[in-house]
>>> print(open('start34.txt').read())   # compact mmCIF, C-alpha atoms
# COMPACT_ATOMS: atom_id res chain seq x y z
CA MET A 1 40.33 5.02 2.01
CA THR A 2 37.79 7.69 1.09
CA SER A 3 34.19 6.61 1.09
CA GLU A 4 31.77 8.11 -1.42
CA THR A 5 28.94 10.15 0.01
CA ILE A 6 25.73 9.04 -1.66
CA PRO A 7 22.67 11.31 -1.52
CA TYR A 8 19.93 8.79 -0.83
CA PRO A 9 16.66 9.40 -2.66
CA THR A 10 13.69 10.66 -0.72
CA PHE A 11 10.08 9.62 -1.10
CA GLY A 12 8.56 12.35 1.07
CA LEU A 13 6.45 15.10 -0.49
CA GLU A 14 6.40 17.60 2.37
CA GLY A 15 5.69 21.12 1.10
CA LYS A 16 4.44 19.89 -2.29
CA ILE A 17 1.05 20.72 -3.80
CA ALA A 18 -0.60 17.87 -5.68
CA LEU A 19 -3.68 17.83 -7.89
CA VAL A 20 -5.44 14.52 -8.49
CA THR A 21 -8.29 14.73 -10.97
CA GLY A 22 -11.29 12.51 -10.40
CA SER A 23 -10.25 11.81 -6.82
CA SER A 24 -13.59 11.49 -5.06
CA ARG A 25 -13.56 7.70 -5.41
CA GLY A 26 -11.80 4.68 -6.89
CA LEU A 27 -8.18 4.89 -7.99
CA GLY A 28 -8.21 8.68 -7.64
CA ARG A 29 -9.20 8.48 -3.98
CA TRP A 30 -6.44 6.02 -3.22
CA ILE A 31 -3.90 8.17 -5.06
CA ALA A 32 -4.95 11.36 -3.26
CA LEU A 33 -4.69 9.64 0.12
CA ALA A 34 -1.29 8.18 -0.75
CA LEU A 35 0.16 11.57 -1.70
CA ALA A 36 -1.18 13.11 1.49
CA HIS A 37 0.26 10.20 3.49
CA VAL A 38 3.77 11.11 2.34
CA GLY A 39 3.36 14.80 3.02
CA ALA A 40 1.66 16.57 0.12
CA ASP A 41 -1.20 19.02 0.35
CA VAL A 42 -3.82 17.80 -2.11
CA VAL A 43 -6.44 19.20 -4.45
CA VAL A 44 -9.34 16.75 -4.66
CA THR A 45 -11.75 17.06 -7.56
CA TYR A 46 -15.17 15.62 -8.27
CA ARG A 47 -17.65 15.99 -11.12
CA GLN A 48 -20.85 14.75 -9.49
CA ALA A 49 -19.91 12.82 -6.34
CA VAL A 50 -19.58 15.83 -4.03
CA GLU A 51 -20.36 13.92 -0.84
CA GLU A 52 -17.71 11.34 -1.62
CA GLY A 53 -15.32 14.19 -2.36
CA LYS A 54 -16.03 15.71 1.03
CA THR A 55 -15.22 12.39 2.67
CA VAL A 56 -11.85 12.17 0.90
CA ALA A 57 -11.04 15.78 1.79
CA GLY A 58 -11.85 15.03 5.42
CA GLU A 59 -9.54 12.00 5.41
CA ILE A 60 -6.71 14.13 4.05
CA ARG A 61 -7.25 16.89 6.60
CA ASP A 62 -7.27 14.27 9.35
CA MET A 63 -3.68 13.49 8.29
CA GLY A 64 -2.76 17.10 9.03
CA ARG A 65 -2.56 18.11 5.36
CA ARG A 66 -4.28 20.95 3.60
CA CYS A 67 -6.94 20.00 1.09
CA LEU A 68 -8.86 21.97 -1.50
CA LEU A 69 -12.06 20.30 -2.72
CA THR A 70 -13.28 21.61 -6.05
CA ARG A 71 -15.57 20.57 -8.90
CA LEU A 72 -14.00 19.68 -12.23
CA ASP A 73 -15.56 18.62 -15.50
CA LEU A 74 -12.64 17.87 -17.83
CA ALA A 75 -14.95 17.96 -20.84
CA ASP A 76 -15.49 21.67 -20.11
CA LEU A 77 -12.24 23.65 -20.40
CA SER A 78 -13.75 26.62 -18.57
CA SER A 79 -14.25 24.32 -15.57
CA MET A 80 -10.58 23.35 -15.71
CA GLU A 81 -9.48 26.98 -15.98
CA ALA A 82 -11.61 27.95 -12.97
CA MET A 83 -10.07 25.11 -10.95
CA MET A 84 -6.52 26.18 -11.81
CA SER A 85 -7.33 29.74 -10.79
CA GLU A 86 -8.68 28.45 -7.48
CA ILE A 87 -5.52 26.40 -6.90
CA SER A 88 -3.33 29.41 -7.63
CA GLY A 89 -5.27 31.52 -5.15
CA GLU A 90 -5.30 28.85 -2.44
CA PHE A 91 -1.78 27.43 -2.74
CA GLY A 92 0.15 29.77 -5.03
CA GLY A 93 1.24 27.03 -7.40
CA LEU A 94 1.37 23.35 -8.22
CA ASP A 95 4.09 20.68 -8.03
CA ILE A 96 2.37 17.42 -8.92
CA LEU A 97 -0.47 16.60 -11.32
CA VAL A 98 -2.06 13.17 -11.55
CA ASN A 99 -4.34 12.98 -14.58
CA ASN A 100 -6.60 10.29 -13.19
CA ALA A 101 -10.08 11.34 -14.36
CA GLY A 102 -11.35 9.39 -17.34
CA VAL A 103 -14.55 8.09 -18.88
CA ASN A 104 -15.63 5.12 -20.94
CA ARG A 105 -18.66 4.14 -22.99
CA PRO A 106 -18.14 0.48 -23.78
CA LYS A 107 -19.89 -0.27 -27.07
CA LYS A 108 -19.24 -2.35 -30.13
CA ALA A 109 -17.38 -0.31 -32.72
CA LEU A 110 -20.29 -0.58 -35.14
CA GLU A 111 -22.57 1.02 -32.53
CA VAL A 112 -20.38 3.92 -31.37
CA THR A 113 -21.96 7.30 -32.16
CA PRO A 114 -20.15 10.58 -32.82
CA GLU A 115 -21.50 11.77 -29.45
CA ASP A 116 -19.98 8.73 -27.71
CA PHE A 117 -16.66 9.37 -29.46
CA ASP A 118 -16.60 13.06 -28.57
CA HIS A 119 -17.52 12.40 -24.94
CA VAL A 120 -14.70 9.94 -24.33
CA THR A 121 -12.03 11.82 -26.27
CA SER A 122 -13.00 15.21 -24.79
CA VAL A 123 -12.12 13.93 -21.31
CA ASN A 124 -9.46 11.29 -21.87
CA LEU A 125 -7.41 13.22 -24.43
CA LYS A 126 -8.41 16.88 -24.78
CA GLY A 127 -9.07 17.35 -21.06
CA VAL A 128 -5.82 15.68 -20.05
CA TYR A 129 -3.86 17.67 -22.63
CA PHE A 130 -5.04 21.08 -21.52
CA CYS A 131 -4.97 20.21 -17.83
CA SER A 132 -1.32 19.23 -18.29
CA GLN A 133 -0.62 22.45 -20.17
CA ALA A 134 -2.18 24.58 -17.42
CA ALA A 135 -0.34 22.63 -14.72
CA ALA A 136 3.00 23.01 -16.48
CA LYS A 137 2.55 26.78 -16.61
CA MET A 138 2.15 26.71 -12.82
CA MET A 139 5.10 24.37 -12.30
CA ILE A 140 7.67 26.25 -14.36
CA PRO A 141 7.98 29.23 -11.96
CA ARG A 142 8.51 26.72 -9.11
CA GLY A 143 11.45 25.07 -10.86
CA GLY A 144 9.69 22.00 -12.20
CA GLY A 145 7.25 19.30 -11.21
CA LYS A 146 5.85 15.85 -11.83
CA ILE A 147 2.99 14.91 -14.14
CA ILE A 148 1.58 11.38 -13.99
CA ASN A 149 -0.96 10.25 -16.57
CA LEU A 150 -3.29 7.33 -15.88
CA SER A 151 -3.28 5.23 -19.02
CA SER A 152 -4.48 1.62 -19.00
CA ALA A 153 -3.45 -1.91 -19.88
CA ALA A 154 -5.97 -1.37 -22.68
CA ALA A 155 -3.38 0.88 -24.33
CA PHE A 156 -1.32 -2.22 -25.11
CA LEU A 157 -3.73 -5.11 -25.52
CA VAL A 158 -7.28 -6.04 -26.34
CA ARG A 159 -9.23 -9.12 -25.33
CA ARG A 160 -11.95 -10.82 -27.32
CA ASN A 161 -15.48 -9.57 -26.54
CA ILE A 162 -14.26 -6.50 -24.59
CA THR A 163 -15.66 -3.62 -26.66
CA ILE A 164 -13.65 -0.55 -25.70
CA SER A 165 -12.22 0.68 -29.02
CA VAL A 166 -12.55 4.42 -28.29
CA TYR A 167 -11.35 4.08 -24.69
CA ALA A 168 -8.38 1.94 -25.75
CA MET A 169 -7.48 4.48 -28.43
CA THR A 170 -7.44 7.34 -25.93
CA LYS A 171 -5.35 5.40 -23.40
CA ALA A 172 -2.83 4.49 -26.10
CA GLY A 173 -2.77 8.16 -27.03
CA LEU A 174 -1.78 9.02 -23.46
CA VAL A 175 1.29 6.80 -23.77
CA MET A 176 2.56 8.85 -26.73
CA LEU A 177 1.44 12.15 -25.18
CA THR A 178 3.53 11.23 -22.14
CA LYS A 179 6.59 10.78 -24.36
CA ALA A 180 5.98 13.99 -26.32
CA LEU A 181 5.46 16.20 -23.27
CA SER A 182 8.40 14.65 -21.44
CA SER A 183 10.67 15.70 -24.29
CA GLU A 184 9.25 19.21 -24.63
CA TRP A 185 9.26 19.97 -20.92
CA ALA A 186 12.53 18.35 -19.87
CA ASP A 187 14.29 21.73 -19.93
CA TYR A 188 11.78 22.96 -17.36
CA LYS A 189 12.56 19.98 -15.08
CA ILE A 190 9.03 18.66 -15.48
CA ASN A 191 9.00 14.86 -15.49
CA VAL A 192 6.07 13.33 -17.36
CA ASN A 193 5.33 9.64 -16.84
CA ALA A 194 2.32 7.36 -17.05
CA ILE A 195 0.88 4.42 -15.19
CA ALA A 196 -1.09 1.74 -17.01
CA PRO A 197 -3.24 -0.11 -14.46
CA GLY A 198 -4.73 -3.51 -15.04
CA TYR A 199 -7.89 -4.58 -13.24
CA PHE A 200 -8.53 -3.04 -9.83
CA LYS A 201 -11.74 -3.42 -7.86
CA THR A 202 -13.19 0.08 -8.03
CA PRO A 203 -16.75 1.43 -8.34
CA LEU A 204 -16.33 1.29 -12.14
CA THR A 205 -15.30 -2.37 -12.26
CA GLN A 206 -17.00 -3.82 -9.19
CA ASP A 207 -20.12 -5.07 -10.96
CA ARG A 208 -18.12 -6.89 -13.64
CA LEU A 209 -15.68 -8.39 -11.16
CA GLU A 210 -18.59 -9.76 -9.13
CA ASP A 211 -19.50 -11.88 -12.17
CA PRO A 212 -17.60 -15.17 -11.52
CA GLN A 213 -17.13 -15.89 -15.22
CA PHE A 214 -15.72 -12.46 -15.94
CA LYS A 215 -13.47 -12.46 -12.87
CA ASN A 216 -12.10 -15.89 -13.75
CA SER A 217 -11.27 -14.67 -17.25
CA VAL A 218 -9.36 -11.73 -15.74
CA LEU A 219 -7.44 -13.93 -13.33
CA GLU A 220 -6.57 -16.43 -16.04
CA THR A 221 -4.94 -13.66 -18.09
CA THR A 222 -3.12 -12.07 -15.14
CA PRO A 223 0.10 -13.91 -14.19
CA LEU A 224 -0.11 -12.84 -10.54
CA ASN A 225 -3.65 -14.27 -10.48
CA ARG A 226 -5.32 -11.40 -8.63
CA VAL A 227 -6.76 -7.93 -9.19
CA GLY A 228 -5.00 -4.82 -7.94
CA GLU A 229 -5.24 -3.58 -4.37
CA PRO A 230 -5.08 0.08 -3.25
CA GLN A 231 -1.44 -0.18 -2.16
CA ASP A 232 -0.43 -1.39 -5.63
CA ILE A 233 -1.42 1.85 -7.34
CA MET A 234 -0.42 3.95 -4.32
CA GLY A 235 3.19 2.77 -4.36
CA ALA A 236 3.63 3.45 -8.06
CA VAL A 237 2.28 7.00 -7.81
CA MET A 238 4.25 7.79 -4.65
CA PHE A 239 7.44 6.75 -6.45
CA LEU A 240 6.79 8.72 -9.65
CA ALA A 241 5.75 11.82 -7.69
CA SER A 242 8.87 11.78 -5.50
CA ASP A 243 12.50 12.80 -5.96
CA ALA A 244 13.35 9.11 -6.27
CA SER A 245 12.09 9.19 -9.88
CA ASP A 246 13.96 12.32 -10.99
CA PHE A 247 15.86 10.45 -13.73
CA ILE A 248 12.73 8.84 -15.16
CA THR A 249 10.61 10.60 -17.75
CA GLY A 250 8.51 9.66 -20.76
CA GLN A 251 7.88 6.16 -19.42
CA THR A 252 4.74 4.11 -18.86
CA LEU A 253 4.75 1.78 -15.87
CA CYS A 254 2.33 -1.12 -16.20
CA VAL A 255 0.78 -1.90 -12.81
CA ASP A 256 -1.25 -4.87 -13.95
CA GLY A 257 -0.06 -8.07 -12.30
CA GLY A 258 1.70 -8.97 -15.55
CA ARG A 259 -1.46 -8.76 -17.67
CA THR A 260 0.29 -6.98 -20.56
CA VAL A 261 3.01 -9.63 -20.92
CA LEU A 262 0.56 -12.26 -22.18
>>> encode(input="start34.txt", output="structure tokens")
Amino acid sequence: MTSETIPYPTFGLEGKIALVTGSSRGLGRWIALALAHVGADVVVTYRQAVEEGKTVAGEIRDMGRRCLLTRLDLADLSSMEAMMSEISGEFGGLDILVNNAGVNRPKKALEVTPEDFDHVTSVNLKGVYFCSQAAAKMMIPRGGGKIINLSSAAAFLVRRNITISVYAMTKAGLVMLTKALSSEWADYKINVNAIAPGYFKTPLTQDRLEDPQFKNSVLETTPLNRVGEPQDIMGAVMFLASDASDFITGQTLCVDGGRTVL
């Protein structure tokens, strides 16, 4: 009897170069550390929090990985272009991009100004689009890569009294952008997927989650009855960045404790 030899998938990222935008704190920090933990050299970016960025870079180097710390303002395409040039000079290419950086200006729709609208869309849509384009151009000569977009549960649902119309629109746009780019870039062996997180306790949500009434409302609409922990987002990104996800593209994985099923 002949047994079939199965090539088991690998989750290691040794020799890979990963860029995580907005990785000086919050979800981005956890993601950058997770990718370094499984072997990747990581580009950490910050917009204002340089000291926090230095701390993350130090943590990655303590793991024995290389780390490039650089400033990035996704609303300024010249900043993105300068970063990509720096990555090319330091590492010679790119294998993984995590489009984590995003902004929000929560306002009632009747109060949103054109400046508010432009600020959120310039980062969450335009910035992500052209960062992905630049990354893909660096991945193609290396035979492919992985792009992971951070969408949100807000792409699929809204809750009463949560005024995030522009933010929700941009995060829903990332779901369709993920599908469109996955189709266009499949021939280049670039997998494009997205993650839609629910509530995690990060610097952006900490104040709201410390309000007992707000936190209870979140838990009541989350089947697993808790907010996300670092390992929850880490595991999802590690999987989508690895060879284990090679047959997955154009998909959005909701990491939300079941929030989007209600």
>>> closest_residue(input="start34.txt", among="A:Leu240, A:Leu262, A:Leu177, A:Met138", to="Val158 (chain A)", atoms="all atoms listed in the file")
A:Leu262
>>> closest_atom_pairs(input="start34.txt", of="region 167-225 of chain A", to="region 110-125 of chain A", cutoff="12 Å", atoms="only C-alpha atoms", output="tab-separated table")
residue	atom	partner	partner_atom	distance
A:Tyr167	CA	A:Val120	CA	6.8
A:Ala168	CA	A:Asn124	CA	10.2
A:Met169	CA	A:Thr121	CA	8.9
A:Thr170	CA	A:Asn124	CA	6.0
A:Lys171	CA	A:Asn124	CA	7.3
A:Ala172	CA	A:Leu125	CA	10.0
A:Gly173	CA	A:Leu125	CA	7.3
A:Leu174	CA	A:Leu125	CA	7.1
A:Val175	CA	A:Leu125	CA	10.8
A:Met176	CA	A:Leu125	CA	11.1
A:Leu177	CA	A:Leu125	CA	8.9
A:Thr178	CA	A:Leu125	CA	11.4
>>> closest_residue(input="start34.txt", among="A:Thr202, A:Ser132, A:Ser88, A:Thr163", to="Leu74 (chain A)", atoms="all atoms listed in the file")
A:Ser132
>>> closest_residue(input="start34.txt", among="A:Ile147, A:Leu204, A:Ile162, A:Val237", to="Leu33 (chain A)", atoms="all atoms listed in the file")
A:Val237
>>> closest_residue(input="start34.txt", among="A:Val50, A:Val42, A:Gln133, A:Ser182", to="Phe91 (chain A)", atoms="all atoms listed in the file")
A:Val42
>>> atom_distance(input="start34.txt", atom1="CA of Ile164 (chain A)", atom2="CA of Ser78 (chain A)")
28.1 Å
>>> build_atoms(input="start34.txt", residues="region 193-222 of chain A", atoms="N, CA and C atoms", output="CSV table (one decimal), keeping the file's coordinate frame")
chain,number,residue,atom,x,y,z
A,193,ASN,N,5.4,11.1,-16.7
A,193,ASN,CA,5.3,9.6,-16.8
A,193,ASN,C,3.9,9.2,-16.8
A,194,ALA,N,3.7,7.9,-17.1
A,194,ALA,CA,2.3,7.4,-17.0
A,194,ALA,C,2.3,6.0,-16.3
A,195,ILE,N,1.1,5.7,-15.8
A,195,ILE,CA,0.9,4.4,-15.2
A,195,ILE,C,-0.2,3.8,-16.0
A,196,ALA,N,-0.1,2.5,-16.3
A,196,ALA,CA,-1.1,1.7,-17.0
A,196,ALA,C,-1.6,0.6,-16.1
A,197,PRO,N,-2.7,0.9,-15.4
A,197,PRO,CA,-3.2,-0.1,-14.5
A,197,PRO,C,-3.9,-1.3,-15.2
A,198,GLY,N,-3.9,-2.4,-14.6
A,198,GLY,CA,-4.7,-3.5,-15.0
A,198,GLY,C,-6.1,-3.4,-14.3
A,199,TYR,N,-6.6,-4.6,-13.9
A,199,TYR,CA,-7.9,-4.6,-13.2
A,199,TYR,C,-7.7,-4.3,-11.7
A,200,PHE,N,-8.4,-3.3,-11.3
A,200,PHE,CA,-8.5,-3.0,-9.8
A,200,PHE,C,-10.0,-3.1,-9.5
A,201,LYS,N,-10.3,-3.4,-8.3
A,201,LYS,CA,-11.7,-3.4,-7.9
A,201,LYS,C,-12.1,-2.0,-7.4
A,202,THR,N,-12.8,-1.3,-8.3
A,202,THR,CA,-13.2,0.1,-8.0
A,202,THR,C,-14.7,0.2,-8.3
A,203,PRO,N,-15.3,1.3,-8.0
A,203,PRO,CA,-16.8,1.4,-8.3
A,203,PRO,C,-17.1,1.2,-9.8
A,204,LEU,N,-16.1,1.5,-10.7
A,204,LEU,CA,-16.3,1.3,-12.1
A,204,LEU,C,-16.2,-0.2,-12.6
A,205,THR,N,-15.5,-1.0,-11.9
A,205,THR,CA,-15.3,-2.4,-12.3
A,205,THR,C,-16.0,-3.4,-11.3
A,206,GLN,N,-16.5,-2.9,-10.2
A,206,GLN,CA,-17.0,-3.8,-9.2
A,206,GLN,C,-18.1,-4.8,-9.7
A,207,ASP,N,-19.0,-4.2,-10.5
A,207,ASP,CA,-20.1,-5.1,-11.0
A,207,ASP,C,-19.6,-6.2,-11.8
A,208,ARG,N,-18.7,-5.9,-12.7
A,208,ARG,CA,-18.1,-6.9,-13.6
A,208,ARG,C,-17.3,-7.9,-12.9
A,209,LEU,N,-16.5,-7.5,-11.9
A,209,LEU,CA,-15.7,-8.4,-11.2
A,209,LEU,C,-16.5,-9.3,-10.2
A,210,GLU,N,-17.7,-8.9,-9.9
A,210,GLU,CA,-18.6,-9.8,-9.1
A,210,GLU,C,-19.2,-10.9,-10.0
A,211,ASP,N,-19.1,-10.8,-11.3
A,211,ASP,CA,-19.5,-11.9,-12.2
A,211,ASP,C,-18.4,-12.9,-12.2
A,212,PRO,N,-18.7,-14.1,-11.6
A,212,PRO,CA,-17.6,-15.2,-11.5
A,212,PRO,C,-16.9,-15.5,-12.9
A,213,GLN,N,-17.7,-15.6,-13.9
A,213,GLN,CA,-17.1,-15.9,-15.2
A,213,GLN,C,-16.2,-14.8,-15.7
A,214,PHE,N,-16.6,-13.6,-15.5
A,214,PHE,CA,-15.7,-12.5,-15.9
A,214,PHE,C,-14.5,-12.4,-15.1
A,215,LYS,N,-14.6,-12.5,-13.8
A,215,LYS,CA,-13.5,-12.5,-12.9
A,215,LYS,C,-12.5,-13.6,-13.2
A,216,ASN,N,-13.0,-14.8,-13.4
A,216,ASN,CA,-12.1,-15.9,-13.8
A,216,ASN,C,-11.3,-15.6,-15.0
A,217,SER,N,-12.0,-15.0,-16.0
A,217,SER,CA,-11.3,-14.7,-17.2
A,217,SER,C,-10.2,-13.7,-17.0
A,218,VAL,N,-10.4,-12.7,-16.1
A,218,VAL,CA,-9.4,-11.7,-15.7
A,218,VAL,C,-8.2,-12.4,-15.0
A,219,LEU,N,-8.5,-13.3,-14.1
A,219,LEU,CA,-7.4,-13.9,-13.3
A,219,LEU,C,-6.6,-14.9,-14.2
A,220,GLU,N,-7.3,-15.5,-15.2
A,220,GLU,CA,-6.6,-16.4,-16.0
A,220,GLU,C,-5.6,-15.7,-17.0
A,221,THR,N,-5.8,-14.4,-17.2
A,221,THR,CA,-4.9,-13.7,-18.1
A,221,THR,C,-4.1,-12.7,-17.3
A,222,THR,N,-4.0,-12.9,-16.0
A,222,THR,CA,-3.1,-12.1,-15.1
A,222,THR,C,-2.2,-13.0,-14.4
